[in-house]
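Text of data26.cif (mmCIF, C-alpha atoms) as supplied:
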data_protein
#
loop_
_atom_site.label_atom_id
_atom_site.label_comp_id
_atom_site.auth_asym_id
_atom_site.auth_seq_id
_atom_site.Cartn_x
_atom_site.Cartn_y
_atom_site.Cartn_z
CA MET A 1 109.77 211.41 235.89
CA VAL A 2 107.60 213.22 238.45
CA GLY A 3 107.93 214.48 242.01
CA HIS A 4 108.61 217.48 244.21
CA ILE A 5 111.09 220.19 243.23
CA ASP A 6 114.74 219.37 243.96
CA HIS A 7 114.14 215.71 244.82
CA GLY A 8 116.58 214.66 242.10
CA LYS A 9 114.47 213.92 239.02
CA THR A 10 116.80 215.57 236.52
CA THR A 11 119.94 214.10 238.13
CA LEU A 12 118.41 210.61 238.02
CA LEU A 13 117.47 211.09 234.40
CA GLU A 14 121.06 212.06 233.60
CA LYS A 15 122.30 208.81 235.20
CA LEU A 16 119.83 206.80 233.12
CA THR A 17 120.33 208.56 229.79
CA GLY A 18 123.52 210.61 229.96
CA LYS A 19 121.54 213.75 229.13
CA TRP A 20 120.93 216.79 231.35
CA THR A 21 117.41 217.86 230.38
CA ASP A 22 117.44 221.37 231.92
CA THR A 23 118.77 223.12 228.82
CA HIS A 24 116.62 226.26 228.71
CA SER A 25 118.58 229.34 229.83
CA GLU A 26 116.17 230.19 232.65
CA GLU A 27 116.34 226.58 233.88
CA MET A 28 120.12 226.79 234.05
CA LYS A 29 119.98 230.02 236.05
CA ARG A 30 117.29 228.94 238.51
CA GLY A 31 118.26 225.29 238.86
CA ILE A 32 114.75 223.97 238.25
CA THR A 33 112.92 222.30 235.38
CA ILE A 34 110.51 224.68 233.62
CA ARG A 35 109.78 223.01 230.30
CA LEU A 36 109.25 219.35 229.64
CA GLY A 37 112.62 217.66 229.13
CA TYR A 38 113.16 214.60 226.95
CA ALA A 39 115.79 211.89 226.84
CA SER A 40 116.02 208.20 225.96
CA CYS A 41 118.05 205.20 227.00
CA ILE A 42 118.51 201.61 225.89
CA ILE A 43 118.06 199.04 228.65
CA LYS A 44 120.50 196.16 228.24
CA LYS A 45 120.98 192.88 230.09
CA CYS A 46 123.86 190.51 230.72
CA GLU A 47 122.56 186.97 230.16
CA LYS A 48 125.20 185.55 232.53
CA CYS A 49 124.35 187.76 235.52
CA GLU A 50 121.38 187.23 237.82
CA GLY A 51 119.10 189.71 239.60
CA PRO A 52 119.26 193.51 239.27
CA SER A 53 123.00 193.52 238.52
CA ALA A 54 122.22 192.02 235.11
CA TYR A 55 120.63 195.30 233.96
CA SER A 56 122.52 198.37 232.77
CA ILE A 57 122.74 200.91 229.98
CA SER A 58 126.31 199.83 229.14
CA ASP A 59 127.27 197.87 226.05
CA LYS A 60 129.43 195.43 228.01
CA CYS A 61 129.13 193.59 231.31
CA MET A 62 132.05 194.64 233.50
CA LYS A 63 131.96 191.33 235.40
CA HIS A 64 131.97 188.93 232.45
CA GLU A 65 133.46 191.27 229.82
CA SER A 66 130.74 190.15 227.43
CA ASN A 67 128.26 192.10 225.31
CA ASN A 68 124.97 192.99 226.96
CA LYS A 69 121.75 192.15 225.11
CA PHE A 70 119.31 194.82 223.94
CA GLN A 71 116.02 194.78 225.88
CA ARG A 72 114.12 198.01 225.13
CA MET A 73 114.58 201.64 224.27
CA ILE A 74 112.78 203.86 226.78
CA SER A 75 111.83 207.52 226.36
CA PHE A 76 111.65 209.71 229.45
CA VAL A 77 109.80 212.96 230.08
CA ASP A 78 111.26 215.09 232.89
CA ALA A 79 108.26 216.91 234.35
CA PRO A 80 108.66 220.14 236.37
CA GLY A 81 108.13 219.80 240.11
CA HIS A 82 107.59 223.43 241.08
CA GLU A 83 104.01 224.22 242.08
CA THR A 84 103.57 227.00 239.54
CA LEU A 85 104.54 224.59 236.74
CA MET A 86 101.96 221.89 237.48
CA THR A 87 100.12 222.56 234.23
CA THR A 88 103.29 221.74 232.29
CA MET A 89 103.52 218.46 234.18
CA LEU A 90 99.90 217.69 233.28
CA SER A 91 100.73 218.32 229.63
CA GLY A 92 103.44 215.68 229.87
CA ALA A 93 101.12 213.19 231.56
CA SER A 94 99.04 212.82 228.41
CA ILE A 95 101.87 211.17 226.46
CA ILE A 96 103.25 208.77 229.06
CA HIS A 97 102.52 205.09 229.74
CA GLY A 98 104.21 204.80 233.14
CA ALA A 99 105.77 207.02 235.77
CA ILE A 100 108.71 207.15 238.15
CA LEU A 101 107.70 209.08 241.26
CA VAL A 102 110.86 210.47 242.86
CA ILE A 103 110.73 211.07 246.62
CA ALA A 104 113.73 212.35 248.59
CA ALA A 105 114.69 210.17 251.57
CA ASN A 106 115.92 213.17 253.57
CA GLU A 107 112.58 215.02 253.63
CA SER A 108 109.21 214.26 255.19
CA VAL A 109 106.54 212.63 253.01
CA PRO A 110 104.55 213.93 251.27
CA GLN A 111 105.87 217.27 250.07
CA GLN A 112 103.31 219.43 248.26
CA GLN A 113 104.19 218.56 244.66
CA THR A 114 104.71 214.90 245.58
CA ALA A 115 101.04 214.78 246.53
CA GLU A 116 99.90 216.85 243.56
CA HIS A 117 101.86 214.77 241.05
CA LEU A 118 100.45 211.52 242.42
CA LYS A 119 96.99 213.05 242.21
CA ALA A 120 97.73 214.03 238.60
CA LEU A 121 98.78 210.46 237.77
CA GLU A 122 95.50 209.16 239.16
CA ILE A 123 93.44 211.75 237.30
CA THR A 124 95.19 211.12 233.98
CA GLY A 125 94.86 207.35 234.34
CA ILE A 126 98.55 206.43 234.73
CA LYS A 127 98.69 203.10 236.60
CA ASN A 128 102.20 201.76 235.96
CA ILE A 129 104.21 203.50 238.69
CA ILE A 130 107.61 202.98 240.31
CA ILE A 131 108.59 204.94 243.42
CA VAL A 132 112.24 205.96 243.75
CA GLN A 133 113.43 206.74 247.28
CA ASN A 134 116.23 209.04 246.20
CA LYS A 135 119.11 210.56 248.20
CA ALA A 136 119.38 207.40 250.31
CA ASP A 137 123.07 208.21 250.83
CA LEU A 138 122.15 211.32 252.84
CA VAL A 139 120.40 209.46 255.68
CA ASN A 140 121.18 206.58 258.04
CA LYS A 141 119.35 203.24 258.13
CA GLU A 142 116.79 204.30 260.75
CA GLU A 143 115.94 207.51 258.87
CA LEU A 144 115.63 205.58 255.60
CA GLU A 145 113.21 203.11 257.19
CA LYS A 146 111.17 205.95 258.72
CA ASN A 147 110.96 207.64 255.32
CA TYR A 148 109.91 204.32 253.73
CA GLY A 149 107.10 204.01 256.29
CA GLN A 150 105.91 207.53 255.42
CA ILE A 151 105.91 206.63 251.71
CA LYS A 152 103.82 203.49 252.26
CA LYS A 153 101.34 205.42 254.42
CA PHE A 154 101.15 208.20 251.80
CA VAL A 155 100.37 205.89 248.85
CA LYS A 156 97.93 203.62 250.71
CA GLY A 157 94.57 203.62 248.94
CA THR A 158 96.00 205.30 245.82
CA VAL A 159 96.93 204.03 242.38
CA ALA A 160 100.52 203.68 243.68
CA GLU A 161 99.66 201.55 246.71
CA ASN A 162 101.36 198.44 245.30
CA ALA A 163 104.13 200.25 243.44
CA PRO A 164 107.67 199.01 244.17
CA VAL A 165 109.87 201.35 246.21
CA ILE A 166 113.50 201.45 245.03
CA PRO A 167 116.01 203.14 247.39
CA LEU A 168 118.90 204.68 245.48
CA SER A 169 121.32 207.56 245.16
CA ALA A 170 121.08 209.26 241.79
CA GLN A 171 124.06 211.46 242.61
CA ALA A 172 126.29 208.45 243.34
CA GLY A 173 124.69 206.19 240.73
CA VAL A 174 123.87 203.52 243.32
CA ASN A 175 121.05 201.00 242.67
CA ILE A 176 120.34 202.25 239.16
CA ASP A 177 120.39 198.61 238.02
CA ALA A 178 117.50 197.80 240.39
CA LEU A 179 115.50 200.65 238.87
CA LEU A 180 116.15 199.37 235.34
CA GLU A 181 114.96 195.91 236.38
CA ALA A 182 111.80 197.44 237.88
CA ILE A 183 111.11 199.41 234.68
CA GLU A 184 111.29 196.17 232.70
CA GLU A 185 108.92 194.42 235.11
CA PHE A 186 106.39 197.11 236.01
CA ILE A 187 106.17 199.44 232.97
CA PRO A 188 105.39 197.30 229.90
CA SER A 189 105.43 198.64 226.35
CA PRO A 190 101.99 199.96 225.27
CA ASP A 191 99.67 198.43 222.71
CA ARG A 192 100.84 199.86 219.38
CA LYS A 193 97.34 200.58 217.93
CA GLU A 194 98.88 200.74 214.46
CA ASP A 195 95.57 200.15 212.65
CA GLU A 196 94.02 203.43 213.89
CA ASN A 197 94.32 206.88 212.31
CA PRO A 198 97.51 208.53 213.61
CA ILE A 199 97.25 211.19 216.32
CA MET A 200 100.48 212.84 217.44
CA LEU A 201 100.41 214.93 220.61
CA VAL A 202 102.88 217.79 220.28
CA ALA A 203 104.68 218.82 223.49
CA ARG A 204 107.48 220.97 222.02
CA SER A 205 108.20 222.84 218.79
CA PHE A 206 111.50 224.26 217.61
CA ASP A 207 113.41 226.32 215.13
CA VAL A 208 116.69 224.39 215.08
CA ASN A 209 118.47 226.61 212.56
CA LYS A 210 121.53 228.48 213.78
CA PRO A 211 122.06 232.14 212.82
CA GLY A 212 123.85 232.41 209.50
CA THR A 213 122.63 229.08 208.10
CA SER A 214 122.49 229.25 204.30
CA ILE A 215 119.04 229.08 202.68
CA ASP A 216 119.68 225.72 201.04
CA LYS A 217 120.45 224.14 204.41
CA LEU A 218 117.54 225.55 206.42
CA ILE A 219 115.38 223.02 208.25
CA GLY A 220 111.63 223.51 208.63
CA THR A 221 109.67 223.57 211.87
CA VAL A 222 110.51 220.63 214.15
CA LEU A 223 107.82 219.08 216.37
CA GLY A 224 108.50 216.88 219.39
CA GLY A 225 106.01 214.62 221.12
CA ALA A 226 104.51 211.16 220.97
CA LEU A 227 101.91 209.17 219.07
CA LYS A 228 98.67 208.41 220.84
CA GLN A 229 97.81 205.89 218.14
CA GLY A 230 98.55 204.92 214.56
CA VAL A 231 101.67 205.23 212.42
CA LEU A 232 103.42 208.21 210.84
CA ASN A 233 105.73 207.79 207.87
CA GLU A 234 108.36 209.93 206.24
CA ASN A 235 106.78 212.11 203.51
CA ASP A 236 103.24 211.78 204.93
CA GLU A 237 101.00 214.77 204.27
CA ILE A 238 99.91 216.08 207.68
CA ILE A 239 97.75 218.73 209.28
CA ILE A 240 98.63 220.57 212.52
CA LEU A 241 95.61 221.45 214.66
CA PRO A 242 94.22 223.87 215.73
CA GLY A 243 96.94 225.74 213.83
CA ILE A 244 97.74 229.44 214.10
CA LYS A 245 95.66 232.45 215.12
CA GLU A 246 94.94 235.03 212.44
CA VAL A 247 92.78 238.15 212.34
CA LYS A 248 90.43 238.34 209.36
CA LYS A 249 87.95 241.20 209.05
CA ASN A 250 88.61 242.10 212.70
CA VAL A 251 87.74 238.59 213.81
CA GLU A 252 90.18 236.10 215.32
CA VAL A 253 90.22 232.77 213.48
CA TRP A 254 92.39 229.68 213.81
CA THR A 255 93.86 228.28 210.61
CA PRO A 256 95.15 224.67 210.55
CA LEU A 257 98.60 224.21 209.03
CA LYS A 258 99.12 221.68 206.25
CA THR A 259 102.61 220.40 205.46
CA SER A 260 104.53 217.17 205.00
CA ILE A 261 106.97 215.19 207.11
CA ASN A 262 110.56 215.66 205.99
CA LYS A 263 112.47 213.55 208.55
CA LEU A 264 111.61 211.39 211.57
CA ASN A 265 114.03 211.10 214.47
CA TYR A 266 113.72 208.69 217.37
CA SER A 267 116.42 209.07 220.03
CA ASN A 268 118.99 210.43 217.53
CA PHE A 269 118.21 207.71 214.99
CA PHE A 270 116.60 208.69 211.70
CA VAL A 271 113.75 206.29 210.93
CA LYS A 272 111.23 205.81 208.13
CA LYS A 273 108.21 205.46 210.42
CA VAL A 274 107.20 205.87 214.07
CA VAL A 275 104.61 204.02 216.14
CA ARG A 276 103.04 204.47 219.57
CA GLY A 277 105.51 204.24 222.44
CA GLY A 278 108.36 206.67 223.01
CA SER A 279 108.87 210.34 222.18
CA PHE A 280 110.23 211.41 218.80
CA GLY A 281 110.85 214.44 216.67
CA LEU A 282 109.75 215.21 213.15
CA SER A 283 110.93 217.94 210.83
CA THR A 284 108.41 219.45 208.46
CA ASN A 285 108.48 221.53 205.32
CA LEU A 286 106.81 224.33 207.25
CA ASP A 287 108.66 227.63 207.69
CA ALA A 288 110.77 227.40 210.87
CA TYR A 289 109.12 230.61 212.12
CA PHE A 290 106.03 228.64 213.15
CA GLY A 291 108.01 226.37 215.46
CA LYS A 292 109.92 229.03 217.39
CA ALA A 293 109.72 228.98 221.21
CA ASP A 294 107.12 226.20 221.44
CA LYS A 295 104.53 228.11 219.40
CA LEU A 296 102.96 224.84 218.32
CA ALA A 297 103.25 223.03 221.67
CA GLY A 298 99.84 221.60 222.53
CA SER A 299 98.97 220.98 218.90
CA VAL A 300 97.73 217.72 217.42
CA VAL A 301 99.16 216.22 214.23
CA CYS A 302 96.99 214.01 212.00
CA LEU A 303 97.11 212.85 208.41
CA ALA A 304 95.94 215.73 206.23
CA ASP A 305 92.80 213.88 205.13
CA LYS A 306 91.96 212.44 208.58
CA PRO A 307 91.84 215.35 211.05
CA VAL A 308 90.27 215.17 214.51
CA PRO A 309 87.56 217.72 215.43
CA ILE A 310 88.39 221.23 216.68
CA THR A 311 86.12 223.02 219.12
CA ASP A 312 86.02 226.11 221.31
CA GLU A 313 83.55 224.56 223.74
CA LEU A 314 83.60 221.30 225.66
CA GLY A 315 80.90 219.21 227.23
CA LEU A 316 82.38 217.30 230.15
CA LYS A 317 81.19 214.59 232.47
CA ILE A 318 83.16 215.57 235.55
CA LYS A 319 84.49 214.01 238.72
CA MET A 320 85.80 216.58 241.17
CA ILE A 321 87.74 216.10 244.41
CA ASP A 322 87.60 217.84 247.80
CA ASN A 323 83.86 218.60 247.29
CA ILE A 324 84.65 221.23 244.65
CA LYS A 325 81.58 222.00 242.53
CA PRO A 326 82.00 224.26 239.48
CA LYS A 327 79.38 227.00 239.10
CA VAL A 328 78.26 229.02 236.10
CA ASN A 329 80.86 231.72 235.23
CA ASP A 330 83.64 229.94 237.14
CA LEU A 331 87.03 230.07 235.41
CA LEU A 332 88.68 226.67 234.90
CA LEU A 333 92.03 225.57 233.52
CA ILE A 334 91.57 222.60 231.19
CA ASN A 335 94.40 220.28 230.08
CA VAL A 336 93.39 218.51 226.86
CA TRP A 337 96.16 216.10 225.84
CA THR A 338 99.27 218.32 225.63
CA ASN A 339 97.23 221.49 225.22
CA ARG A 340 95.93 223.71 227.97
CA THR A 341 93.49 226.59 227.95
CA THR A 342 91.19 228.43 230.30
CA GLY A 343 87.45 228.25 229.97
CA VAL A 344 84.33 229.76 231.54
CA VAL A 345 81.60 227.44 232.81
CA ALA A 346 78.48 228.18 230.75
CA LYS A 347 76.17 225.46 232.05
CA VAL A 348 76.04 223.00 234.96
CA GLN A 349 73.69 220.05 235.12
CA ASP A 350 74.18 217.25 237.64
CA ASN A 351 77.72 215.95 237.00
CA THR A 352 78.14 217.53 233.57
CA VAL A 353 79.33 220.99 232.58
CA LYS A 354 79.61 222.99 229.38
CA VAL A 355 82.76 225.11 229.19
CA ASN A 356 83.42 227.92 226.68
CA LEU A 357 87.14 227.88 225.92
CA LYS A 358 89.45 230.84 225.42
CA LEU A 359 91.48 228.88 222.87
CA PRO A 360 90.19 226.11 220.60
CA VAL A 361 91.42 222.55 221.10
CA ALA A 362 91.58 219.42 219.00
CA ASN A 363 89.87 216.57 220.82
CA VAL A 364 88.14 213.21 220.63
CA LYS A 365 84.99 212.21 222.51
CA GLY A 366 85.64 209.90 225.42
CA GLU A 367 89.09 211.35 226.18
CA ARG A 368 89.92 212.42 229.72
CA VAL A 369 90.95 216.00 230.54
CA ALA A 370 92.40 217.44 233.76
CA ILE A 371 90.53 220.28 235.47
CA SER A 372 92.16 222.88 237.72
CA THR A 373 90.46 225.64 239.70
CA ARG A 374 91.86 228.94 240.89
CA GLU A 375 93.08 229.08 244.48
CA GLY A 376 94.57 232.44 245.33
CA ASN A 377 97.28 233.18 242.77
CA ARG A 378 97.76 229.58 241.58
CA TRP A 379 95.91 226.79 239.84
CA LYS A 380 94.95 223.77 241.94
CA LEU A 381 94.34 220.39 240.33
CA SER A 382 90.71 219.71 241.22
CA GLY A 383 89.37 216.85 239.12
CA TRP A 384 88.91 215.40 235.70
CA GLY A 385 86.31 215.27 232.97
CA GLU A 386 85.38 212.98 230.11
CA ILE A 387 84.65 214.70 226.81
CA ILE A 388 81.03 214.03 225.77
#
Let me see whether you can do it: turn the structure in this file into structure tokens.
Amino acid sequence: MVGHIDHGKTTLLEKLTGKWTDTHSEEMKRGITIRLGYASCIIKKCEKCEGPSAYSISDKCMKHESNNKFQRMISFVDAPGHETLMTTMLSGASIIHGAILVIAANESVPQQQTAEHLKALEITGIKNIIIVQNKADLVNKEELEKNYGQIKKFVKGTVAENAPVIPLSAQAGVNIDALLEAIEEFIPSPDRKEDENPIMLVARSFDVNKPGTSIDKLIGTVLGGALKQGVLNENDEIIILPGIKEVKKNVEVWTPLKTSINKLNYSNFFVKKVVRGGSFGLSTNLDAYFGKADKLAGSVVCLADKPVPITDELGLKIKMIDNIKPKVNDLLLINVWTNRTTGVVAKVQDNTVKVNLKLPVANVKGERVAISTREGNRWKLSGWGEII
């Protein structure tokens, strides 16, 4: 769920899932999304109805008073829209298979983060896109049509050029059924890739224990994210990369964390295994201290005997936009899967660069990373690179 600040992403997500994803205290005070929010819904269909009205998240069809049929369970990531939180949005982009771009009908198109988020979707390779023309209840017919024309002009020549545009009111819950139908049609479930070594991209980490919990009831570190590939099972021995920073003999080193999976939870259902598609949580046997306040966000989880490489330097084949050309000693912000770190350009040759990273990352050759450059006091999304 992407788009400009205050265009209604979180409200729309609440209508789809029943969950308000701005739960962090600072989010509640400021009225904006700061951290990635997660929620899921089950799309259901009445087999007697036709068209969009057949789709809902309700168990029963109000018209026919019959049970609706299960179609799919969908996981949503609510990405921040504020310009200073773009890097958080890019972290979310690495674990999604489709996007809903929310654009307010009562504002001109494009707003700054609308443009940046669409650019981010293109850079991260997200092609399955639905455009929601939200707040349609706040404008008249002529204004709605003018806004629609601005949207079509804005997306022309982009990855979203042929994306459907669904006018709706998230606040009033109008046309949600049309959006559910569009999700079924335009955002298919991903290839499971179950035969590959599992790679989980961690977007959040938690200590879920309440003060005063007795020792025998304490729960270990909880990780939230999604599988890039493979399968994870309850009781699997895992390794968390790059791990934690320690100082040994006055030198900073990163130590991977080995543990095992205690429980797997997918949309409030405990399961024995998880596959690619949808966000989930897993509890570990690791001390809950390590999961506090997203300490392990950006990590990668693999089977203990099948880790991916860790590096503090990256060779990248780059494609930059707006004629931006990195130079030696330039500072870049690099988003690698759900991780992000700054790096200094050490070498430039044709369309490749070598970047020395401030923090190590777990990575796989051939993966795409997002590159941002400094513009004044903010980071500007400037291109992408392929790990070589």
For the structure provided, state which residues fall under the PyMOL selection byres ((chain A and resi 372) around 12), and present them as a short mmCIF file (atom, residue, chain, number, x, y, z; two decimals) with C-alpha atoms, in the coordinates of the input.
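That gives us out.cif:
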data_model
loop_
_atom_site.label_atom_id
_atom_site.label_comp_id
_atom_site.auth_asym_id
_atom_site.auth_seq_id
_atom_site.Cartn_x
_atom_site.Cartn_y
_atom_site.Cartn_z
CA MET A 86 101.96 221.89 237.48
CA THR A 87 100.12 222.56 234.23
CA LEU A 90 99.90 217.69 233.28
CA GLU A 116 99.90 216.85 243.56
CA LYS A 119 96.99 213.05 242.21
CA ALA A 120 97.73 214.03 238.60
CA ILE A 123 93.44 211.75 237.30
CA ILE A 318 83.16 215.57 235.55
CA LYS A 319 84.49 214.01 238.72
CA MET A 320 85.80 216.58 241.17
CA ILE A 321 87.74 216.10 244.41
CA ILE A 324 84.65 221.23 244.65
CA LYS A 325 81.58 222.00 242.53
CA PRO A 326 82.00 224.26 239.48
CA ASP A 330 83.64 229.94 237.14
CA LEU A 331 87.03 230.07 235.41
CA LEU A 332 88.68 226.67 234.90
CA LEU A 333 92.03 225.57 233.52
CA ILE A 334 91.57 222.60 231.19
CA ASN A 335 94.40 220.28 230.08
CA VAL A 336 93.39 218.51 226.86
CA ARG A 340 95.93 223.71 227.97
CA THR A 341 93.49 226.59 227.95
CA THR A 342 91.19 228.43 230.30
CA GLY A 343 87.45 228.25 229.97
CA VAL A 369 90.95 216.00 230.54
CA ALA A 370 92.40 217.44 233.76
CA ILE A 371 90.53 220.28 235.47
CA THR A 373 90.46 225.64 239.70
CA ARG A 374 91.86 228.94 240.89
CA GLU A 375 93.08 229.08 244.48
CA ARG A 378 97.76 229.58 241.58
CA TRP A 379 95.91 226.79 239.84
CA LYS A 380 94.95 223.77 241.94
CA LEU A 381 94.34 220.39 240.33
CA SER A 382 90.71 219.71 241.22
CA GLY A 383 89.37 216.85 239.12
CA TRP A 384 88.91 215.40 235.70
CA GLY A 385 86.31 215.27 232.97
#
Using CA of Lys156 (chain A) and CA of Ser108 (chain A) as the two end points, give the distance in Å to one decimal. 16.1 Å
Running the PyMOL selection byres ((chain A and resi 175) around 12) on this model by hand, what would come out? Give it as a ChimeraX atom specification. /A:12,15-16,51-56,132-137,165-174,176-182
Might I get the box with edges along x, y and z of the file that holds all atoms of region 99-112 of chain A listed there, padded by 6 Å on every side, given as centre and edge lengths in Å to one decimal, as JSON?
{"center_x": 109.6, "center_y": 213.2, "center_z": 245.5, "size_x": 24.6, "size_y": 24.4, "size_z": 31.4}
Name the residues that the PyMOL selection byres ((chain A and resi 202) around 7) picks from the file above, as a PyMOL selection string, using the file's chain letters and numbers. chain A and resi 200-201+203-204+223-226+297-300+338
Got a sec: who's within 9 Å of Lys193 (chain A), counting only C-alpha atoms, leaving out chain neighbours fewer than 4 positions off, as number ranges by chain? A: 197, 228-231, 275-276
Can I get the selected residues back with C-alpha atoms, as a CSV table (one decimal), in the coordinates of the input?
chain,number,residue,atom,x,y,z
A,197,ASN,CA,94.3,206.9,212.3
A,228,LYS,CA,98.7,208.4,220.8
A,229,GLN,CA,97.8,205.9,218.1
A,230,GLY,CA,98.6,204.9,214.6
A,231,VAL,CA,101.7,205.2,212.4
A,275,VAL,CA,104.6,204.0,216.1
A,276,ARG,CA,103.0,204.5,219.6
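Atom pair CA of Phe76 (chain A) / CA of Asn265 (chain A): separated by 15.2 Å.
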Residues within 10 Å of Lys210 (chain A), all atoms listed in the file, excluding chain neighbours under 4 positions, as number ranges by chain: A: 214, 218-219
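The residue that comes closest to Ala104 (chain A), out of A:Ile5, A:Leu316, A:Ile57, A:Val364 and on the basis of all atoms listed in the file, is A:Ile5.
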Output region 188-209 of chain A as a PDB file, in the coordinates of the input, making sure N, CA and C atoms are there.
ATOM      1  N   PRO A 188     105.320 197.990 231.187  1.00  0.00           N
ATOM      2  CA  PRO A 188     105.390 197.300 229.900  1.00  0.00           C
ATOM      3  C   PRO A 188     105.201 198.259 228.730  1.00  0.00           C
ATOM      4  N   SER A 189     105.648 197.846 227.563  1.00  0.00           N
ATOM      5  CA  SER A 189     105.430 198.640 226.350  1.00  0.00           C
ATOM      6  C   SER A 189     103.935 198.689 226.042  1.00  0.00           C
ATOM      7  N   PRO A 190     103.430 199.826 225.530  1.00  0.00           N
ATOM      8  CA  PRO A 190     101.990 199.960 225.270  1.00  0.00           C
ATOM      9  C   PRO A 190     101.562 199.219 224.013  1.00  0.00           C
ATOM     10  N   ASP A 191     100.265 198.970 223.930  1.00  0.00           N
ATOM     11  CA  ASP A 191      99.670 198.430 222.710  1.00  0.00           C
ATOM     12  C   ASP A 191      99.925 199.434 221.577  1.00  0.00           C
ATOM     13  N   ARG A 192     100.424 198.955 220.455  1.00  0.00           N
ATOM     14  CA  ARG A 192     100.840 199.860 219.380  1.00  0.00           C
ATOM     15  C   ARG A 192      99.677 200.594 218.714  1.00  0.00           C
ATOM     16  N   LYS A 193      98.503 199.973 218.584  1.00  0.00           N
ATOM     17  CA  LYS A 193      97.340 200.580 217.930  1.00  0.00           C
ATOM     18  C   LYS A 193      97.681 201.104 216.537  1.00  0.00           C
ATOM     19  N   GLU A 194      98.401 200.287 215.768  1.00  0.00           N
ATOM     20  CA  GLU A 194      98.880 200.740 214.460  1.00  0.00           C
ATOM     21  C   GLU A 194      97.766 200.826 213.415  1.00  0.00           C
ATOM     22  N   ASP A 195      96.630 200.171 213.653  1.00  0.00           N
ATOM     23  CA  ASP A 195      95.570 200.150 212.650  1.00  0.00           C
ATOM     24  C   ASP A 195      94.614 201.339 212.774  1.00  0.00           C
ATOM     25  N   GLU A 196      94.875 202.258 213.710  1.00  0.00           N
ATOM     26  CA  GLU A 196      94.020 203.430 213.890  1.00  0.00           C
ATOM     27  C   GLU A 196      94.649 204.659 213.228  1.00  0.00           C
ATOM     28  N   ASN A 197      93.810 205.644 212.929  1.00  0.00           N
ATOM     29  CA  ASN A 197      94.320 206.880 212.310  1.00  0.00           C
ATOM     30  C   ASN A 197      95.316 207.551 213.255  1.00  0.00           C
ATOM     31  N   PRO A 198      96.475 207.968 212.744  1.00  0.00           N
ATOM     32  CA  PRO A 198      97.510 208.530 213.610  1.00  0.00           C
ATOM     33  C   PRO A 198      97.092 209.835 214.278  1.00  0.00           C
ATOM     34  N   ILE A 199      97.421 209.946 215.564  1.00  0.00           N
ATOM     35  CA  ILE A 199      97.250 211.190 216.320  1.00  0.00           C
ATOM     36  C   ILE A 199      98.534 211.417 217.088  1.00  0.00           C
ATOM     37  N   MET A 200      99.263 212.463 216.726  1.00  0.00           N
ATOM     38  CA  MET A 200     100.480 212.840 217.440  1.00  0.00           C
ATOM     39  C   MET A 200     100.172 213.995 218.368  1.00  0.00           C
ATOM     40  N   LEU A 201     100.572 213.861 219.626  1.00  0.00           N
ATOM     41  CA  LEU A 201     100.410 214.930 220.610  1.00  0.00           C
ATOM     42  C   LEU A 201     101.712 215.695 220.704  1.00  0.00           C
ATOM     43  N   VAL A 202     101.680 216.964 220.366  1.00  0.00           N
ATOM     44  CA  VAL A 202     102.880 217.790 220.280  1.00  0.00           C
ATOM     45  C   VAL A 202     103.135 218.462 221.633  1.00  0.00           C
ATOM     46  N   ALA A 203     104.316 218.216 222.207  1.00  0.00           N
ATOM     47  CA  ALA A 203     104.680 218.820 223.490  1.00  0.00           C
ATOM     48  C   ALA A 203     105.688 219.951 223.329  1.00  0.00           C
ATOM     49  N   ARG A 204     106.468 219.928 222.258  1.00  0.00           N
ATOM     50  CA  ARG A 204     107.480 220.970 222.020  1.00  0.00           C
ATOM     51  C   ARG A 204     107.508 221.292 220.528  1.00  0.00           C
ATOM     52  N   SER A 205     107.934 222.499 220.194  1.00  0.00           N
ATOM     53  CA  SER A 205     108.200 222.840 218.790  1.00  0.00           C
ATOM     54  C   SER A 205     109.418 223.743 218.735  1.00  0.00           C
ATOM     55  N   PHE A 206     110.186 223.618 217.662  1.00  0.00           N
ATOM     56  CA  PHE A 206     111.500 224.260 217.610  1.00  0.00           C
ATOM     57  C   PHE A 206     111.794 224.862 216.231  1.00  0.00           C
ATOM     58  N   ASP A 207     112.646 225.882 216.286  1.00  0.00           N
ATOM     59  CA  ASP A 207     113.410 226.320 215.130  1.00  0.00           C
ATOM     60  C   ASP A 207     114.852 225.929 215.436  1.00  0.00           C
ATOM     61  N   VAL A 208     115.367 224.920 214.747  1.00  0.00           N
ATOM     62  CA  VAL A 208     116.690 224.390 215.080  1.00  0.00           C
ATOM     63  C   VAL A 208     117.809 225.030 214.262  1.00  0.00           C
ATOM     64  N   ASN A 209     117.468 225.981 213.407  1.00  0.00           N
ATOM     65  CA  ASN A 209     118.470 226.610 212.560  1.00  0.00           C
ATOM     66  C   ASN A 209     119.324 227.613 213.332  1.00  0.00           C
TER      67      ASN A 209
END
